[in-house]
Every structure is written in C-alpha cells, then in structure tokens.
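The file query-v6.pdb contains PDB, C-alpha atoms:
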ATOM      1  CA  LYS A 549      11.776  36.971 -93.684
ATOM      2  CA  SER A 550      13.704  34.126 -92.194
ATOM      3  CA  THR A 551      15.479  34.621 -88.918
ATOM      4  CA  PRO A 552      19.203  34.933 -89.474
ATOM      5  CA  GLY A 553      20.911  31.640 -88.741
ATOM      6  CA  CYS A 554      17.611  29.611 -88.794
ATOM      7  CA  SER A 555      16.067  27.800 -91.692
ATOM      8  CA  SER A 556      12.347  27.378 -92.338
ATOM      9  CA  GLU A 557      12.669  23.672 -91.449
ATOM     10  CA  GLY A 558      14.056  24.620 -88.021
ATOM     11  CA  SER A 559      11.148  26.922 -87.309
ATOM     12  CA  LEU A 560       8.685  24.168 -88.186
ATOM     13  CA  PHE A 561      10.474  21.746 -85.861
ATOM     14  CA  PHE A 562      10.292  24.100 -82.896
ATOM     15  CA  SER A 563       6.606  24.775 -83.560
ATOM     16  CA  SER A 564       5.811  21.036 -83.637
ATOM     17  CA  PHE A 565       7.797  20.394 -80.471
ATOM     18  CA  SER A 566       5.947  23.137 -78.601
ATOM     19  CA  THR A 567       2.622  21.646 -79.671
ATOM     20  CA  PHE A 568       3.746  18.209 -78.454
ATOM     21  CA  LEU A 569       4.716  19.564 -75.029
ATOM     22  CA  PHE A 570       1.357  21.355 -74.695
ATOM     23  CA  GLN A 571      -0.599  18.209 -75.569
ATOM     24  CA  SER A 572       1.504  16.107 -73.130
ATOM     25  CA  ASN A 573       0.893  18.488 -70.237
ATOM     26  CA  LYS A 574      -2.828  18.576 -71.024
ATOM     27  CA  MET A 575      -3.044  14.773 -71.034
ATOM     28  CA  ALA A 576      -1.119  14.558 -67.754
ATOM     29  CA  ALA A 577      -3.471  17.055 -66.101
ATOM     30  CA  GLN A 578      -6.511  15.088 -67.361
ATOM     31  CA  THR A 579      -5.001  11.839 -65.982
ATOM     32  CA  VAL A 580      -4.413  13.379 -62.528
ATOM     33  CA  ALA A 581      -7.963  14.760 -62.469
ATOM     34  CA  ALA A 582      -9.383  11.368 -63.435
ATOM     35  CA  GLN A 583      -7.387   9.646 -60.706
ATOM     36  CA  SER A 584      -8.584  12.177 -58.102
ATOM     37  CA  ILE A 585     -12.192  11.573 -59.108
ATOM     38  CA  MET A 586     -11.634   7.801 -58.866
ATOM     39  CA  LEU A 587     -10.067   8.137 -55.389
ATOM     40  CA  ASP A 588     -12.952  10.320 -54.193
ATOM     41  CA  ARG A 589     -15.458   7.770 -55.471
ATOM     42  CA  THR A 590     -13.501   4.901 -53.899
ATOM     43  CA  SER A 591     -13.308   6.708 -50.550
ATOM     44  CA  GLY A 592     -17.011   7.433 -50.670
ATOM     45  CA  ALA A 593     -17.769   3.801 -51.479
ATOM     46  CA  CYS A 594     -15.549   2.624 -48.583
ATOM     47  CA  ALA A 595     -17.190   5.041 -46.172
ATOM     48  CA  ALA A 596     -20.654   3.971 -47.324
ATOM     49  CA  SER A 597     -19.648   0.319 -47.009
ATOM     50  CA  GLY A 598     -18.304   0.923 -43.521
ATOM     51  CA  ARG A 599     -21.499   2.645 -42.398
ATOM     52  CA  ALA A 600     -23.622  -0.141 -43.859
ATOM     53  CA  PHE A 601     -21.510  -2.781 -42.091
ATOM     54  CA  GLN A 602     -21.720  -0.877 -38.827
ATOM     55  CA  GLN A 603     -25.513  -0.543 -39.028
ATOM     56  CA  LYS A 604     -25.830  -4.245 -39.779
ATOM     57  CA  CYS A 605     -23.722  -5.137 -36.742
ATOM     58  CA  VAL A 606     -25.704  -2.845 -34.459
ATOM     59  CA  ALA A 607     -28.966  -4.336 -35.720
ATOM     60  CA  GLN A 608     -27.893  -7.941 -35.282
ATOM     61  CA  LYS A 609     -25.919  -7.386 -32.030
ATOM     62  CA  ALA A 610     -24.354 -10.764 -32.615
ATOM     63  CA  VAL A 611     -21.490  -9.660 -34.848
ATOM     64  CA  ARG A 612     -18.525  -8.044 -33.146
ATOM     65  CA  MET A 613     -17.603  -4.827 -34.938
ATOM     66  CA  PRO A 614     -13.962  -4.090 -35.691
ATOM     67  CA  ALA A 615     -12.460  -1.339 -33.552
ATOM     68  CA  THR A 616     -12.273   1.014 -36.560
ATOM     69  CA  PHE A 617     -16.058   0.925 -36.989
ATOM     70  CA  LYS A 618     -17.040   1.408 -33.320
ATOM     71  CA  VAL A 619     -19.123   4.532 -32.719
ATOM     72  CA  SER A 620     -21.562   5.776 -30.141
ATOM     73  CA  ALA A 621     -24.399   4.081 -32.035
ATOM     74  CA  SER A 622     -23.129   0.746 -30.724
ATOM     75  CA  LEU A 623     -23.856   1.854 -27.170
ATOM     76  CA  SER A 624     -27.225   1.915 -25.497
ATOM     77  CA  ARG A 625     -28.930   5.257 -26.082
ATOM     78  CA  LYS A 626     -31.629   4.371 -23.556
ATOM     79  CA  GLU A 627     -29.070   4.405 -20.747
ATOM     80  CA  GLY A 628     -27.699   7.743 -21.881
ATOM     81  CA  LYS A 629     -24.211   6.440 -22.576
ATOM     82  CA  VAL A 630     -21.812   8.219 -24.906
ATOM     83  CA  GLN A 631     -18.644   6.999 -26.545
ATOM     84  CA  GLY A 632     -15.644   7.371 -24.265
ATOM     85  CA  ALA A 633     -17.675   7.612 -21.043
ATOM     86  CA  ARG A 634     -16.287   5.722 -18.070
ATOM     87  CA  PRO A 635     -18.378   2.736 -16.901
ATOM     88  CA  THR A 636     -20.025   3.150 -13.531
ATOM     89  CA  LYS A 637     -18.943   1.202 -10.440
ATOM     90  CA  THR A 638     -22.164  -0.806 -10.676
ATOM     91  CA  ALA A 639     -21.433  -1.734 -14.292
ATOM     92  CA  LEU A 640     -17.916  -2.783 -13.433
ATOM     93  CA  SER A 641     -19.025  -4.983 -10.546
ATOM     94  CA  ALA A 642     -21.567  -6.661 -12.807
ATOM     95  CA  LYS A 643     -18.923  -7.785 -15.264
ATOM     96  CA  LYS A 644     -17.948 -11.433 -15.156
ATOM     97  CA  GLY A 645     -14.801 -11.958 -13.148
ATOM     98  CA  ALA A 646     -14.926  -8.540 -11.467
ATOM     99  CA  VAL A 647     -13.052  -8.324  -8.182
ATOM    100  CA  LYS A 648     -15.429  -8.598  -5.268
ATOM    101  CA  ASP A 649     -15.271  -5.888  -2.623
ATOM    102  CA  TYR A 650     -15.261  -7.894   0.606
ATOM    103  CA  SER A 651     -15.078  -4.728   2.702
ATOM    104  CA  LEU A 652     -18.803  -4.253   2.014
ATOM    105  CA  GLU A 653     -19.682  -7.530   3.720
ATOM    106  CA  HIS A 654     -20.289  -7.997   7.414
ATOM    107  CA  PHE A 655     -20.456 -11.349   9.155
ATOM    108  CA  ALA A 656     -22.032 -10.443  12.483
ATOM    109  CA  PRO A 657     -21.799 -13.306  15.022
ATOM    110  CA  SER A 658     -25.094 -14.837  16.116
ATOM    111  CA  LYS A 659     -25.642 -15.736  19.772
ATOM    112  CA  THR A 660     -28.607 -17.987  18.979
ATOM    113  CA  GLU A 661     -27.580 -19.922  15.863
ATOM    114  CA  SER A 662     -24.686 -22.138  14.871
ATOM    115  CA  GLN A 663     -22.288 -20.527  12.391
ATOM    116  CA  ARG A 664     -19.179 -21.339  10.406
ATOM    117  CA  TRP A 665     -16.165 -19.970  12.283
ATOM    118  CA  GLY A 666     -12.658 -19.661  10.957
ATOM    119  CA  TYR A 667      -9.579 -19.580  13.142
ATOM    120  CA  VAL A 668      -5.806 -19.415  13.218
ATOM    121  CA  ILE A 669      -4.064 -20.926  16.229
ATOM    122  CA  ALA A 670      -0.481 -21.085  17.470
ATOM    123  CA  ASN A 671       1.617 -21.079  20.623
ATOM    124  CA  ALA A 672       0.429 -18.243  22.871
ATOM    125  CA  LYS A 673       3.878 -16.718  23.337
ATOM    126  CA  PHE A 674       4.437 -16.563  19.593
ATOM    127  CA  MET A 675       0.971 -15.177  18.889
ATOM    128  CA  LEU A 676       0.643 -12.651  21.728
ATOM    129  CA  ASP A 677       4.206 -11.704  22.589
ATOM    130  CA  GLU A 678       6.610 -12.316  19.717
ATOM    131  CA  GLU A 679       4.371 -11.554  16.707
ATOM    132  CA  GLU A 680       4.079  -7.877  17.511
ATOM    133  CA  HIS A 681       2.652  -6.686  14.206
ATOM    134  CA  LEU A 682      -0.491  -8.659  15.135
ATOM    135  CA  ALA A 683      -1.350  -5.835  17.536
ATOM    136  CA  GLU A 684      -1.330  -3.305  14.685
ATOM    137  CA  LEU A 685      -3.457  -5.534  12.452
ATOM    138  CA  LEU A 686      -6.137  -6.008  15.109
ATOM    139  CA  ARG A 687      -6.139  -2.375  16.201
ATOM    140  CA  GLU A 688      -6.555  -1.158  12.633
ATOM    141  CA  ARG A 689      -9.426  -3.593  12.037
ATOM    142  CA  ARG A 690     -11.131  -2.529  15.258
ATOM    143  CA  ARG A 691     -10.797   1.132  14.207
ATOM    144  CA  MET A 692     -12.429   0.335  10.841
ATOM    145  CA  PHE A 693     -15.328  -1.435  12.564
ATOM    146  CA  THR A 694     -15.821   1.530  14.886
ATOM    147  CA  GLU A 695     -15.922   4.022  12.006
ATOM    148  CA  LYS A 696     -18.478   1.922  10.118
ATOM    149  CA  GLU A 697     -20.477   1.175  13.285
ATOM    150  CA  ARG A 698     -20.210  -2.566  12.821
ATOM    151  CA  GLU A 699     -20.451  -5.250  15.423
ATOM    152  CA  VAL A 700     -17.057  -6.844  16.067
ATOM    153  CA  ASP A 701     -16.754 -10.279  14.450
ATOM    154  CA  PHE A 702     -13.207 -11.263  15.548
ATOM    155  CA  PHE A 703     -11.793 -12.229  18.927
ATOM    156  CA  ILE A 704      -8.665 -13.528  20.632
ATOM    157  CA  VAL A 705      -9.311 -16.778  22.479
ATOM    158  CA  PRO A 706      -6.511 -17.824  24.869
ATOM    159  CA  GLU A 707      -6.207 -21.614  25.340
ATOM    160  CA  PRO A 708      -9.442 -22.457  23.478
ATOM    161  CA  ALA A 709     -11.663 -25.192  24.909
ATOM    162  CA  TRP A 710     -11.902 -26.823  21.465
ATOM    163  CA  VAL A 711      -8.139 -27.240  21.094
ATOM    164  CA  ASP A 712      -8.369 -30.926  22.050
ATOM    165  CA  ALA A 713     -10.642 -31.521  19.045
ATOM    166  CA  LEU A 714      -7.843 -30.594  16.634
ATOM    167  CA  PRO A 715      -6.192 -33.337  14.557
ATOM    168  CA  ALA A 716      -3.587 -35.323  16.484
ATOM    169  CA  ASP A 717      -0.698 -34.228  14.252
ATOM    170  CA  VAL A 718      -1.630 -30.564  14.802
ATOM    171  CA  LYS A 719      -1.848 -30.930  18.591
ATOM    172  CA  SER A 720       1.536 -32.642  18.676
ATOM    173  CA  ARG A 721       3.164 -29.629  17.023
ATOM    174  CA  LEU A 722       1.178 -26.976  18.880
ATOM    175  CA  GLY A 723       2.939 -25.475  21.889
ATOM    176  CA  ARG A 724       0.818 -25.006  24.993
ATOM    177  CA  PRO A 725      -0.704 -22.828  26.199
ATOM    178  CA  ALA A 726      -2.126 -21.857  22.836
ATOM    179  CA  ALA A 727      -3.972 -18.813  21.565
ATOM    180  CA  ALA A 728      -6.345 -18.412  18.639
ATOM    181  CA  ILE A 729      -7.939 -15.675  16.595
ATOM    182  CA  VAL A 730     -11.491 -16.611  15.622
ATOM    183  CA  SER A 731     -13.921 -14.856  13.304
ATOM    184  CA  THR A 732     -17.032 -15.409  11.216
ATOM    185  CA  ASP A 733     -15.279 -13.662   8.309
ATOM    186  CA  LEU A 734     -13.531 -16.596   6.626
ATOM    187  CA  THR A 735     -11.865 -14.405   4.005
ATOM    188  CA  TRP A 736     -10.198 -12.317   6.683
ATOM    189  CA  ILE A 737      -9.026 -15.474   8.481
ATOM    190  CA  THR A 738      -7.349 -16.585   5.257
ATOM    191  CA  PHE A 739      -5.609 -13.217   5.101
ATOM    192  CA  MET A 740      -4.407 -13.632   8.707
ATOM    193  CA  LYS A 741      -3.012 -17.054   7.881
ATOM    194  CA  LEU A 742      -1.001 -15.574   5.017
ATOM    195  CA  ARG A 743       0.088 -12.627   7.145
ATOM    196  CA  LEU A 744       1.165 -14.560  10.260
ATOM    197  CA  ASP A 745       2.391 -17.631   8.361
ATOM    198  CA  LYS A 746       3.481 -19.842  11.279
ATOM    199  CA  VAL A 747      -0.050 -20.634  12.415
ATOM    200  CA  TYR A 748      -2.577 -23.399  11.799
ATOM    201  CA  LYS A 749      -5.754 -22.402   9.958
ATOM    202  CA  GLY A 750      -9.058 -24.233  10.293
ATOM    203  CA  GLU A 751     -12.839 -23.920  10.314
ATOM    204  CA  MET A 752     -15.635 -25.259  12.475
ATOM    205  CA  ASP A 753     -19.400 -25.073  12.820
ATOM    206  CA  ALA A 754     -20.274 -23.994  16.343
ATOM    207  CA  MET A 755     -22.376 -21.776  18.516
ATOM    208  CA  MET A 756     -20.745 -18.503  19.493
ATOM    209  CA  LYS A 757     -20.339 -19.539  23.131
ATOM    210  CA  ASP A 758     -18.529 -22.720  22.084
ATOM    211  CA  ALA A 759     -16.275 -21.030  19.533
ATOM    212  CA  LEU A 760     -15.169 -18.491  22.139
ATOM    213  CA  ALA A 761     -14.924 -20.881  25.090
ATOM    214  CA  VAL A 762     -11.686 -20.714  27.126
ATOM    215  CA  SER A 763     -10.272 -23.684  29.033
ATOM    216  CA  GLY A 764      -7.274 -22.077  30.721
ATOM    217  CA  ASP A 765      -5.011 -19.074  31.167
ATOM    218  CA  VAL A 766      -1.928 -18.246  29.123
ATOM    219  CA  GLY A 767      -0.281 -16.309  31.956
ATOM    220  CA  GLU A 768       1.960 -13.280  31.573
ATOM    221  CA  PHE A 769       4.987 -12.990  29.321
ATOM    222  CA  GLY A 770       8.118 -11.606  30.889
ATOM    223  CA  SER A 771      10.232  -8.838  29.395
ATOM    224  CA  PRO A 772      13.151  -9.981  27.233
ATOM    225  CA  ASP A 773      16.653  -9.744  28.685
ATOM    226  CA  LYS A 774      17.802  -7.855  25.598
ATOM    227  CA  TRP A 775      15.625  -5.695  23.372
ATOM    228  CA  THR A 776      17.260  -4.705  20.059
ATOM    229  CA  ALA A 777      14.325  -3.269  18.103
ATOM    230  CA  PRO A 778      14.416   0.514  17.419
ATOM    231  CA  TYR A 779      11.004   0.967  19.072
ATOM    232  CA  THR A 780       9.612   0.341  22.542
ATOM    233  CA  LYS A 781       8.084  -3.084  23.113
ATOM    234  CA  TYR A 782       4.320  -3.150  23.252
ATOM    235  CA  GLN A 783       2.816  -3.037  26.692
ATOM    236  CA  ALA A 784       2.178  -6.461  28.212
ATOM    237  CA  GLY A 785      -1.428  -7.606  27.951
ATOM    238  CA  TRP A 786      -2.240  -5.458  24.879
ATOM    239  CA  TRP A 787      -4.283  -8.330  23.514
ATOM    240  CA  LYS A 788      -6.780  -8.446  26.400
ATOM    241  CA  VAL A 789      -8.969  -5.768  24.816
ATOM    242  CA  PHE A 790      -9.730  -8.303  22.069
ATOM    243  CA  LEU A 791     -11.063 -10.976  24.449
ATOM    244  CA  PRO A 792     -14.745 -11.873  23.926
ATOM    245  CA  GLU A 793     -15.791 -10.366  27.263
ATOM    246  CA  ASN A 794     -14.276  -7.008  26.281
ATOM    247  CA  ALA A 795     -15.704  -6.840  22.748
ATOM    248  CA  ASP A 796     -18.568  -4.526  23.742
ATOM    249  CA  ASN A 797     -16.132  -2.117  25.377
ATOM    250  CA  ASN A 798     -13.832  -1.712  22.317
TER     251      ASN A 798
END
Show me the file's structure as structure tokens.
Amino acid sequence: KSTPGCSSEGSLFFSSFSTFLFQSNKMAAQTVAAQSIMLDRTSGACAASGRAFQQKCVAQKAVRMPATFKVSASLSRKEGKVQGARPTKTALSAKKGAVKDYSLEHFAPSKTESQRWGYVIANAKFMLDEEEHLAELLRERRRMFTEKEREVDFFIVPEPAWVDALPADVKSRLGRPAAAIVSTDLTWITFMKLRLDKVYKGEMDAMMKDALAVSGDVGEFGSPDKWTAPYTKYQAGWWKVFLPENADNN
C-alpha cells in the first residue's frame, strides 16, 4: 500500500537520492584514501632522496650539505665524535682565525743574547707618582708570574741610559727625569701603551744589561698639598720592587 500523503513517484525519488548520496560518500572516501597513499609515497621518495643526497655529500666531502640534511654521519667516526658534541679546546685553537691565548707564552729575558725589547716611557713623576693604577697593574702581573713560577720579564727603569737614542721629537716632549717600563713581551707592552695612554711606545734590539741600564736617579716625589681621592695615597717608592736589581727578590 502507498503511504498516506506520498505517491509512488515520490518514493522512487527518495530512493534514488539516497543511492546518490551513498555513491558520493563512497567516492569521496576513495579520493581521500588515494591522496593519503600518494602523500605517503611522496614523503618516502623525499626521505629516500634526502638520504641519497646526504650519502653522496659525505662520500665526496666537497659538497656542503644543507643544514636540514646534517647528521652524525657527516662527522668523523674515527675520532669518536657525535652530533651536538662540543668541540675540544684543541680543535677550537686549530681553527683559522681563532683567538690566540697569549697567557700561555713566556718571553724569559736572556742574559747572554740580544733580544727584542719593548718599552713605554714618560716623565718619571707622571709614571711613578701620578699614574697610581700602574702599581696595581704591575703587582697583579707579578702575582701571576709567582703563581705560575715564571721568571719575571718586565722591569721599571728610571732614567734609562738609552733615552738619548730616542728620536729628537720624542726627547723634546719627554720630561726629565724619565722612567720606562721594559719587557720582552711585546704584546703586553702594547697593552700598557693602551692602558697608560700618555706614554711613548717603542722597541729596540739590545742585550739585557743595555736595555735595563740606568743613567741617573729620579729622586723622591713629595706628598701633595691636597689629597682628594677617597683612598690613601700609595706609599712613596712603591715602584722600587720592580727595579732590575730587585727582580729576583719579588
């Protein structure tokens, strides 16, 4: 019997429409499945291609691999390295342009051979009385040498004998008596020039006895009439422990 209110044509229409919806959903599901299979195959092909490219780069060692393809295989297995491991200090120092650690060097003065000496020179009152932070710099360096059991390679030379060999324009601007800091460590002398600023920096080839030769006395520096610094002035003659004759007693 026909359903009340519905004709046989209406029932046929609803039956056809239901079949159409079922077929559409089935086709959509098949399309999604096909796309998933295609993506899986594409991903597998990309991964395989990436591995092949990586192996080729490792074999040739001349092609730089992109960062996305870098793995532990690109490192040396013989040296026991793994990806992400920190390079050793030796490896870092071997790199081109690595900063050199000058603290590992020692330029011990020779008493029998001529050497290259560096120096900074200025008016004695400025160097030994007014430039007070010089005392801290020299004391700290002496402490470091003592801890590392090194022979001292820096000295204070009051009124050096070689001062008359300086260029004429330097002597004309140099107050007398003068004082110099001399050392066989040329890098440290450059540092002292930058630190003290108002000094003349130079180098010379000389025997130790000539580089440290003294031609006069700088005298004593009196106490200032007015002292405004928040600390006590350094004791007069603090610098005498850095004279060549006292080097062995430091």
What would the selection look like, as a compact mmCIF listing (two decimals) with C-alpha atoms, in the frame of the given file, if the PyMOL selection byres ((chain A and resi 745) around 12) were run on the coordinates I just shared?
# COMPACT_ATOMS: atom_id res chain seq x y z
CA VAL A 668 -5.81 -19.42 13.22
CA ILE A 669 -4.06 -20.93 16.23
CA ALA A 670 -0.48 -21.08 17.47
CA PHE A 674 4.44 -16.56 19.59
CA MET A 675 0.97 -15.18 18.89
CA GLU A 679 4.37 -11.55 16.71
CA LEU A 682 -0.49 -8.66 15.14
CA ILE A 737 -9.03 -15.47 8.48
CA THR A 738 -7.35 -16.58 5.26
CA PHE A 739 -5.61 -13.22 5.10
CA MET A 740 -4.41 -13.63 8.71
CA LYS A 741 -3.01 -17.05 7.88
CA LEU A 742 -1.00 -15.57 5.02
CA ARG A 743 0.09 -12.63 7.14
CA LEU A 744 1.16 -14.56 10.26
CA LYS A 746 3.48 -19.84 11.28
CA VAL A 747 -0.05 -20.63 12.42
CA TYR A 748 -2.58 -23.40 11.80
CA LYS A 749 -5.75 -22.40 9.96
Exercise for the section: Find the residues around A:Asn794 up to 12 Å (only C-alpha atoms counted), leave out those fewer than 4 positions away in its own chain, and share them as a count of residues only. Expected result: 10
Completion exercise
Students should find that atom CA of A:Val762 and atom CA of A:Val718 are spaced 18.7 Å
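In this structure, atom CA of A:Asp733 sits 9.4 Å away from atom CA of A:Pro657.
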Practice task
Would you list the contacts of stretch 780-784 of chain A as number ranges by chain, taking every protein, DNA or RNA residue within 10 Å and counting all atoms listed in the file, but skipping same-chain residues closer than 3 positions in sequence?
Solution key: A: 676-678, 680-681, 683, 768-772, 775-777, 787-788
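With atom CA of A:Gly666 on one side and atom CA of A:Thr694 on the other, the separation reads 21.8 Å.
Restricting the calculation to all atoms listed in the file, the smallest distance between A:Ala759 and any of A:Ala713, A:Glu684, A:Arg698, A:Ser720 is found for A:Ala713.
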Practice task
Let me know the residues the PyMOL selection byres ((chain A and resi 671) around 6) catches in the file above, as a ChimeraX atom specification.
Solution key: /A:670,672-674,723-724,726
Handout entry: Contacts of A:Pro706 within 9 Å, all atoms listed in the file, excl. fewer than 6 positions in-chain, as a PyMOL selection string
Key = chain A and resi 672+725-729+761-766+791
Save the residues we just selected, C-alpha atoms, as a PDB file, in the coordinates of the input?
ATOM      1  CA  ALA A 672       0.429 -18.243  22.871  1.00  0.00           C
ATOM      2  CA  PRO A 725      -0.704 -22.828  26.199  1.00  0.00           C
ATOM      3  CA  ALA A 726      -2.126 -21.857  22.836  1.00  0.00           C
ATOM      4  CA  ALA A 727      -3.972 -18.813  21.565  1.00  0.00           C
ATOM      5  CA  ALA A 728      -6.345 -18.412  18.639  1.00  0.00           C
ATOM      6  CA  ILE A 729      -7.939 -15.675  16.595  1.00  0.00           C
ATOM      7  CA  ALA A 761     -14.924 -20.881  25.090  1.00  0.00           C
ATOM      8  CA  VAL A 762     -11.686 -20.714  27.126  1.00  0.00           C
ATOM      9  CA  SER A 763     -10.272 -23.684  29.033  1.00  0.00           C
ATOM     10  CA  GLY A 764      -7.274 -22.077  30.721  1.00  0.00           C
ATOM     11  CA  ASP A 765      -5.011 -19.074  31.167  1.00  0.00           C
ATOM     12  CA  VAL A 766      -1.928 -18.246  29.123  1.00  0.00           C
ATOM     13  CA  LEU A 791     -11.063 -10.976  24.449  1.00  0.00           C
TER      14      LEU A 791
END
